[in-house]
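Engineer: The following block contains the structure, expressed as structure tokens.
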Amino acid sequence: MDRTLAIIKPDAVERNLTGRILDHLEQAGFRIRSIRSMRLTTAQAEEFYAVHRERPFYGSLVAFMTSGPVFPAILERDDAVAMLRHVIGATDPTEAAPGTVRALYAESKERNSIHASDAPDTAAREIRFFFSEADELYTV
Ligand code: CMP
């Protein structure tokens with residue numbers, strides 16, 4: 001089984017959509033292996049999105065991602081990285097395929113309800129950004 005990282009973003013948490021989005025992902029075959037809630041600090045958001053540092057939307061993105069609580073989650077299924085990106089849809093909700101999480105819930109390119117890792121190596125790094133090795137262990 002592969003793993004990827006999702007973050008339920010502040011716009012979705014604020015509108016009380018966390019459970020609905022997680023249910024959507026479970027229905028799509030993902031297992032929630034670990035989840036937490038937190039408020040990102042500016043330093044954490046800047047580091048997490050460092051790859052976008054030169055982009056014009058970077059400052060606004062960091063402000064948005066620190067504006068309220070988020071729910072980072074480790075999701076597991078076969079082909080998890082590609083499948084999660086498929087299920088959440090395009091960054092811009094006006095371009096997201098019907099029925100995808102962003103088509104259903106996102107408000108804009110920035111307030112787009114959920115983040116997903118873009119490649120397996122990114123997923124491994126992003127999972128470790130939020131979770132320790134111990135968090136990933138199953139004890140059933
Ligand atoms: P995410 O998958 O979290 O990765 C980078 C984020 O930057 C993206 O989702 C959007 O929230 C945001 N983003 C990407 N492109 C734009 C844009 N053109 N304008 C505003 N925000 C953007």
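Chain lettering (A, B, ...) mirrors the order of the structure tokens, residue numbering begins at 1 for each chain separately, and ligand numbering begins at 1 in order of display.
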Please give me, as a PyMOL selection string, the residues lying within 8 Å of ligand 1 when counting only C-alpha atoms and all ligand atoms.
Structural biologist: chain A and resi 7+49+52+56-58+60-61+91-92+108-118
Engineer: Would you mind exporting the chosen residues as an mmCIF file, in the first residue's frame, restricted to C-alpha atoms?
Structural biologist:
```
data_model
loop_
_atom_site.group_PDB
_atom_site.id
_atom_site.type_symbol
_atom_site.label_atom_id
_atom_site.label_comp_id
_atom_site.auth_asym_id
_atom_site.auth_seq_id
_atom_site.Cartn_x
_atom_site.Cartn_y
_atom_site.Cartn_z
ATOM 1 C CA ILE A 7 -4.277 18.550 4.371
ATOM 2 C CA TYR A 49 5.372 25.679 0.723
ATOM 3 C CA HIS A 52 6.508 28.152 -4.184
ATOM 4 C CA PRO A 56 3.308 35.738 -6.662
ATOM 5 C CA PHE A 57 0.736 33.927 -4.516
ATOM 6 C CA TYR A 58 3.237 32.698 -1.892
ATOM 7 C CA SER A 60 -1.155 35.095 0.400
ATOM 8 C CA LEU A 61 -0.979 31.276 0.489
ATOM 9 C CA THR A 91 -6.129 23.283 -8.251
ATOM 10 C CA ASP A 92 -8.622 25.723 -9.784
ATOM 11 C CA SER A 108 -11.040 29.501 -5.325
ATOM 12 C CA LYS A 109 -7.556 28.535 -6.509
ATOM 13 C CA GLU A 110 -6.209 29.494 -3.088
ATOM 14 C CA ARG A 111 -9.143 28.477 -0.870
ATOM 15 C CA ASN A 112 -9.287 25.064 -2.502
ATOM 16 C CA SER A 113 -10.169 22.960 0.558
ATOM 17 C CA ILE A 114 -7.480 20.284 0.358
ATOM 18 C CA HIS A 115 -3.805 19.728 -0.390
ATOM 19 C CA ALA A 116 -2.356 16.514 -1.816
ATOM 20 C CA SER A 117 1.305 15.552 -2.311
ATOM 21 C CA ASP A 118 2.338 15.750 -5.960
#
```
Engineer: So which residues touch region 79-82 of chain A within 10 Å, counting only C-alpha atoms, skipping near sequence neighbours fewer than 6 positions away, as a PDB file with all heavy atoms, in the first residue's frame?
Structural biologist:
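Saved the output as result-v2.pdb:
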```pdb
ATOM      1  N   MET A   1       0.839  -1.209   0.000  1.00  0.00           N
ATOM      2  CA  MET A   1       0.000   0.000   0.000  1.00  0.00           C
ATOM      3  C   MET A   1       0.871   1.254   0.000  1.00  0.00           C
ATOM      4  O   MET A   1       1.841   1.332   0.728  1.00  0.00           O
ATOM      5  CB  MET A   1      -0.886   0.032   1.248  1.00  0.00           C
ATOM      6  CG  MET A   1      -2.062  -0.909   1.158  1.00  0.00           C
ATOM      7  SD  MET A   1      -3.212  -0.403  -0.118  1.00  0.00           S
ATOM      8  CE  MET A   1      -4.428  -1.701   0.067  1.00  0.00           C
ATOM      9  N   ASP A   2       0.471   2.237  -0.803  1.00  0.00           N
ATOM     10  CA  ASP A   2       1.201   3.507  -0.832  1.00  0.00           C
ATOM     11  C   ASP A   2       0.533   4.506   0.102  1.00  0.00           C
ATOM     12  O   ASP A   2      -0.649   4.396   0.387  1.00  0.00           O
ATOM     13  CB  ASP A   2       1.168   4.102  -2.242  1.00  0.00           C
ATOM     14  CG  ASP A   2       1.725   3.168  -3.278  1.00  0.00           C
ATOM     15  OD1 ASP A   2       2.689   2.448  -2.955  1.00  0.00           O
ATOM     16  OD2 ASP A   2       1.186   3.165  -4.392  1.00  0.00           O
ATOM     17  N   ARG A   3       1.320   5.494   0.467  1.00  0.00           N
ATOM     18  CA  ARG A   3       0.784   6.558   1.326  1.00  0.00           C
ATOM     19  C   ARG A   3       0.980   7.912   0.681  1.00  0.00           C
ATOM     20  O   ARG A   3       1.920   8.111  -0.085  1.00  0.00           O
ATOM     21  CB  ARG A   3       1.505   6.553   2.670  1.00  0.00           C
ATOM     22  CG  ARG A   3       1.173   5.317   3.456  1.00  0.00           C
ATOM     23  CD  ARG A   3       1.952   5.275   4.728  1.00  0.00           C
ATOM     24  NE  ARG A   3       1.737   3.971   5.340  1.00  0.00           N
ATOM     25  CZ  ARG A   3       2.357   3.548   6.409  1.00  0.00           C
ATOM     26  NH1 ARG A   3       3.242   4.314   6.994  1.00  0.00           N
ATOM     27  NH2 ARG A   3       2.094   2.364   6.893  1.00  0.00           N
ATOM     28  N   THR A   4       0.095   8.812   1.037  1.00  0.00           N
ATOM     29  CA  THR A   4       0.255  10.190   0.608  1.00  0.00           C
ATOM     30  C   THR A   4      -0.218  11.097   1.728  1.00  0.00           C
ATOM     31  O   THR A   4      -0.803  10.637   2.711  1.00  0.00           O
ATOM     32  CB  THR A   4      -0.510  10.456  -0.709  1.00  0.00           C
ATOM     33  OG1 THR A   4      -0.128  11.733  -1.220  1.00  0.00           O
ATOM     34  CG2 THR A   4      -2.020  10.394  -0.526  1.00  0.00           C
ATOM     35  N   LEU A   5       0.087  12.381   1.591  1.00  0.00           N
ATOM     36  CA  LEU A   5      -0.354  13.335   2.606  1.00  0.00           C
ATOM     37  C   LEU A   5      -1.463  14.217   2.047  1.00  0.00           C
ATOM     38  O   LEU A   5      -1.344  14.752   0.933  1.00  0.00           O
ATOM     39  CB  LEU A   5       0.798  14.239   3.059  1.00  0.00           C
ATOM     40  CG  LEU A   5       0.323  15.206   4.152  1.00  0.00           C
ATOM     41  CD1 LEU A   5       0.488  14.591   5.529  1.00  0.00           C
ATOM     42  CD2 LEU A   5       0.983  16.550   4.055  1.00  0.00           C
ATOM     43  N   ALA A   6      -2.513  14.345   2.826  1.00  0.00           N
ATOM     44  CA  ALA A   6      -3.570  15.320   2.528  1.00  0.00           C
ATOM     45  C   ALA A   6      -3.594  16.339   3.653  1.00  0.00           C
ATOM     46  O   ALA A   6      -3.226  16.025   4.786  1.00  0.00           O
ATOM     47  CB  ALA A   6      -4.917  14.622   2.429  1.00  0.00           C
ATOM     48  N   GLY A  29     -11.816   4.805  -1.393  1.00  0.00           N
ATOM     49  CA  GLY A  29     -10.906   3.681  -1.173  1.00  0.00           C
ATOM     50  C   GLY A  29      -9.686   3.993  -0.332  1.00  0.00           C
ATOM     51  O   GLY A  29      -8.809   3.141  -0.178  1.00  0.00           O
ATOM     52  N   PHE A  30      -9.623   5.204   0.220  1.00  0.00           N
ATOM     53  CA  PHE A  30      -8.481   5.544   1.067  1.00  0.00           C
ATOM     54  C   PHE A  30      -8.745   5.128   2.507  1.00  0.00           C
ATOM     55  O   PHE A  30      -9.871   5.211   2.995  1.00  0.00           O
ATOM     56  CB  PHE A  30      -8.216   7.060   1.036  1.00  0.00           C
ATOM     57  CG  PHE A  30      -7.651   7.525  -0.275  1.00  0.00           C
ATOM     58  CD1 PHE A  30      -8.491   7.956  -1.283  1.00  0.00           C
ATOM     59  CD2 PHE A  30      -6.288   7.508  -0.502  1.00  0.00           C
ATOM     60  CE1 PHE A  30      -7.983   8.374  -2.508  1.00  0.00           C
ATOM     61  CE2 PHE A  30      -5.765   7.918  -1.717  1.00  0.00           C
ATOM     62  CZ  PHE A  30      -6.617   8.352  -2.721  1.00  0.00           C
ATOM     63  N   ARG A  31      -7.676   4.708   3.184  1.00  0.00           N
ATOM     64  CA  ARG A  31      -7.718   4.464   4.626  1.00  0.00           C
ATOM     65  C   ARG A  31      -6.994   5.621   5.300  1.00  0.00           C
ATOM     66  O   ARG A  31      -5.910   6.022   4.860  1.00  0.00           O
ATOM     67  CB  ARG A  31      -7.018   3.146   4.943  1.00  0.00           C
ATOM     68  CG  ARG A  31      -6.987   2.805   6.418  1.00  0.00           C
ATOM     69  CD  ARG A  31      -6.507   1.376   6.636  1.00  0.00           C
ATOM     70  NE  ARG A  31      -7.481   0.420   6.093  1.00  0.00           N
ATOM     71  CZ  ARG A  31      -8.579   0.020   6.739  1.00  0.00           C
ATOM     72  NH1 ARG A  31      -8.842   0.480   7.947  1.00  0.00           N
ATOM     73  NH2 ARG A  31      -9.392  -0.841   6.178  1.00  0.00           N
ATOM     74  N   ALA A 116      -2.823  17.892  -1.630  1.00  0.00           N
ATOM     75  CA  ALA A 116      -2.356  16.514  -1.816  1.00  0.00           C
ATOM     76  C   ALA A 116      -0.926  16.550  -2.323  1.00  0.00           C
ATOM     77  O   ALA A 116      -0.578  17.381  -3.175  1.00  0.00           O
ATOM     78  CB  ALA A 116      -3.244  15.784  -2.824  1.00  0.00           C
ATOM     79  N   SER A 117      -0.078  15.647  -1.837  1.00  0.00           N
ATOM     80  CA  SER A 117       1.305  15.552  -2.311  1.00  0.00           C
ATOM     81  C   SER A 117       1.310  15.304  -3.816  1.00  0.00           C
ATOM     82  O   SER A 117       0.436  14.611  -4.344  1.00  0.00           O
ATOM     83  CB  SER A 117       2.034  14.394  -1.619  1.00  0.00           C
ATOM     84  OG  SER A 117       1.907  14.481  -0.230  1.00  0.00           O
ATOM     85  N   ASP A 118       2.349  15.846  -4.499  1.00  0.00           N
ATOM     86  CA  ASP A 118       2.338  15.750  -5.960  1.00  0.00           C
ATOM     87  C   ASP A 118       3.176  14.610  -6.537  1.00  0.00           C
ATOM     88  O   ASP A 118       3.130  14.372  -7.740  1.00  0.00           O
ATOM     89  CB  ASP A 118       2.724  17.097  -6.594  1.00  0.00           C
ATOM     90  CG  ASP A 118       4.155  17.510  -6.292  1.00  0.00           C
ATOM     91  OD1 ASP A 118       4.879  16.738  -5.613  1.00  0.00           O
ATOM     92  OD2 ASP A 118       4.557  18.591  -6.736  1.00  0.00           O
ATOM     93  N   ALA A 119       3.944  13.909  -5.689  1.00  0.00           N
ATOM     94  CA  ALA A 119       4.765  12.787  -6.173  1.00  0.00           C
ATOM     95  C   ALA A 119       5.162  11.928  -4.966  1.00  0.00           C
ATOM     96  O   ALA A 119       5.135  12.422  -3.834  1.00  0.00           O
ATOM     97  CB  ALA A 119       6.013  13.318  -6.874  1.00  0.00           C
ATOM     98  N   PRO A 120       5.538  10.675  -5.192  1.00  0.00           N
ATOM     99  CA  PRO A 120       5.880   9.800  -4.056  1.00  0.00           C
ATOM    100  C   PRO A 120       7.001  10.341  -3.164  1.00  0.00           C
ATOM    101  O   PRO A 120       6.899  10.234  -1.931  1.00  0.00           O
ATOM    102  CB  PRO A 120       6.292   8.492  -4.747  1.00  0.00           C
ATOM    103  CG  PRO A 120       5.490   8.489  -6.015  1.00  0.00           C
ATOM    104  CD  PRO A 120       5.458   9.932  -6.456  1.00  0.00           C
ATOM    105  N   ASP A 121       8.040  10.945  -3.737  1.00  0.00           N
ATOM    106  CA  ASP A 121       9.127  11.453  -2.876  1.00  0.00           C
ATOM    107  C   ASP A 121       8.645  12.661  -2.075  1.00  0.00           C
ATOM    108  O   ASP A 121       8.996  12.826  -0.910  1.00  0.00           O
ATOM    109  CB  ASP A 121      10.385  11.773  -3.701  1.00  0.00           C
ATOM    110  CG  ASP A 121      10.135  12.805  -4.781  1.00  0.00           C
ATOM    111  OD1 ASP A 121       9.009  12.863  -5.319  1.00  0.00           O
ATOM    112  OD2 ASP A 121      11.062  13.576  -5.089  1.00  0.00           O
ATOM    113  N   THR A 122       7.798  13.489  -2.692  1.00  0.00           N
ATOM    114  CA  THR A 122       7.206  14.620  -1.971  1.00  0.00           C
ATOM    115  C   THR A 122       6.318  14.107  -0.842  1.00  0.00           C
ATOM    116  O   THR A 122       6.297  14.658   0.266  1.00  0.00           O
ATOM    117  CB  THR A 122       6.343  15.485  -2.912  1.00  0.00           C
ATOM    118  OG1 THR A 122       6.997  15.607  -4.164  1.00  0.00           O
ATOM    119  CG2 THR A 122       6.082  16.844  -2.324  1.00  0.00           C
ATOM    120  N   ALA A 123       5.547  13.040  -1.116  1.00  0.00           N
ATOM    121  CA  ALA A 123       4.640  12.474  -0.110  1.00  0.00           C
ATOM    122  C   ALA A 123       5.427  12.032   1.119  1.00  0.00           C
ATOM    123  O   ALA A 123       5.041  12.330   2.253  1.00  0.00           O
ATOM    124  CB  ALA A 123       3.852  11.307  -0.696  1.00  0.00           C
TER     125      ALA A 123
END
```
Engineer: Could you find all residues in region 7-130 of chain A that DSSP calls strand (DSSP E) from the backbone, and write them as a ChimeraX atom specification?
Structural biologist: /A:7-8,31-35,71-77,114-116
Engineer: Please dump the current selection as a PDB file, in the first residue's frame; keep N, CA and C atoms.
Structural biologist:
```pdb
ATOM      1  N   ILE A   7      -3.987  17.558   3.325  1.00  0.00           N
ATOM      2  CA  ILE A   7      -4.277  18.550   4.371  1.00  0.00           C
ATOM      3  C   ILE A   7      -5.659  19.129   4.081  1.00  0.00           C
ATOM      4  N   ILE A   8      -6.576  18.960   5.034  1.00  0.00           N
ATOM      5  CA  ILE A   8      -7.849  19.667   4.927  1.00  0.00           C
ATOM      6  C   ILE A   8      -7.554  21.117   5.318  1.00  0.00           C
ATOM      7  N   ARG A  31      -7.676   4.708   3.184  1.00  0.00           N
ATOM      8  CA  ARG A  31      -7.718   4.464   4.626  1.00  0.00           C
ATOM      9  C   ARG A  31      -6.994   5.621   5.300  1.00  0.00           C
ATOM     10  N   ILE A  32      -7.622   6.173   6.340  1.00  0.00           N
ATOM     11  CA  ILE A  32      -6.979   7.246   7.101  1.00  0.00           C
ATOM     12  C   ILE A  32      -6.075   6.582   8.129  1.00  0.00           C
ATOM     13  N   ARG A  33      -4.788   6.625   7.866  1.00  0.00           N
ATOM     14  CA  ARG A  33      -3.857   5.927   8.762  1.00  0.00           C
ATOM     15  C   ARG A  33      -3.532   6.755   9.988  1.00  0.00           C
ATOM     16  N   SER A  34      -3.452   8.071   9.791  1.00  0.00           N
ATOM     17  CA  SER A  34      -3.196   8.943  10.930  1.00  0.00           C
ATOM     18  C   SER A  34      -3.715  10.326  10.590  1.00  0.00           C
ATOM     19  N   ILE A  35      -4.172  11.055  11.602  1.00  0.00           N
ATOM     20  CA  ILE A  35      -4.684  12.411  11.353  1.00  0.00           C
ATOM     21  C   ILE A  35      -4.456  13.256  12.593  1.00  0.00           C
ATOM     22  N   PHE A  71      -6.231  20.032   9.092  1.00  0.00           N
ATOM     23  CA  PHE A  71      -6.166  18.616   9.461  1.00  0.00           C
ATOM     24  C   PHE A  71      -5.244  17.878   8.489  1.00  0.00           C
ATOM     25  N   PRO A  72      -3.949  17.772   8.794  1.00  0.00           N
ATOM     26  CA  PRO A  72      -3.068  16.926   7.984  1.00  0.00           C
ATOM     27  C   PRO A  72      -3.407  15.451   8.254  1.00  0.00           C
ATOM     28  N   ALA A  73      -3.382  14.645   7.195  1.00  0.00           N
ATOM     29  CA  ALA A  73      -3.704  13.218   7.336  1.00  0.00           C
ATOM     30  C   ALA A  73      -2.825  12.380   6.433  1.00  0.00           C
ATOM     31  N   ILE A  74      -2.425  11.210   6.944  1.00  0.00           N
ATOM     32  CA  ILE A  74      -1.740  10.215   6.111  1.00  0.00           C
ATOM     33  C   ILE A  74      -2.814   9.302   5.544  1.00  0.00           C
ATOM     34  N   LEU A  75      -2.898   9.241   4.215  1.00  0.00           N
ATOM     35  CA  LEU A  75      -3.898   8.410   3.540  1.00  0.00           C
ATOM     36  C   LEU A  75      -3.213   7.270   2.812  1.00  0.00           C
ATOM     37  N   GLU A  76      -3.867   6.127   2.849  1.00  0.00           N
ATOM     38  CA  GLU A  76      -3.257   4.920   2.295  1.00  0.00           C
ATOM     39  C   GLU A  76      -4.217   4.228   1.334  1.00  0.00           C
ATOM     40  N   ARG A  77      -3.704   3.811   0.203  1.00  0.00           N
ATOM     41  CA  ARG A  77      -4.397   2.908  -0.730  1.00  0.00           C
ATOM     42  C   ARG A  77      -3.389   2.578  -1.841  1.00  0.00           C
ATOM     43  N   ILE A 114      -8.325  21.448   0.057  1.00  0.00           N
ATOM     44  CA  ILE A 114      -7.480  20.284   0.358  1.00  0.00           C
ATOM     45  C   ILE A 114      -6.165  20.365  -0.407  1.00  0.00           C
ATOM     46  N   HIS A 115      -5.114  19.894   0.246  1.00  0.00           N
ATOM     47  CA  HIS A 115      -3.805  19.728  -0.390  1.00  0.00           C
ATOM     48  C   HIS A 115      -3.531  18.246  -0.559  1.00  0.00           C
ATOM     49  N   ALA A 116      -2.823  17.892  -1.630  1.00  0.00           N
ATOM     50  CA  ALA A 116      -2.356  16.514  -1.816  1.00  0.00           C
ATOM     51  C   ALA A 116      -0.926  16.550  -2.323  1.00  0.00           C
TER      52      ALA A 116
END
```
Engineer: Return the single residue from A:Phe64, A:Glu47, A:Met83, A:Ile88 that is closest to Arg125 (chain A), with distances computed using only C-alpha atoms.
Structural biologist: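 Using only C-alpha atoms, Arg125 (chain A) sits closest to A:Glu47.
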Engineer: Looking at only C-alpha atoms, which of A:Ala12, A:Ala103, A:Ala43, A:Ile127 is the one that sits closest to Val62 (chain A)?
Structural biologist: A:Ala43
Engineer: Would you compute the distance between CA of Val13 (chain A) and CA of Met38 (chain A)? Give it in Å to one decimal.
Structural biologist: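 So the answer is 11.1 Å.
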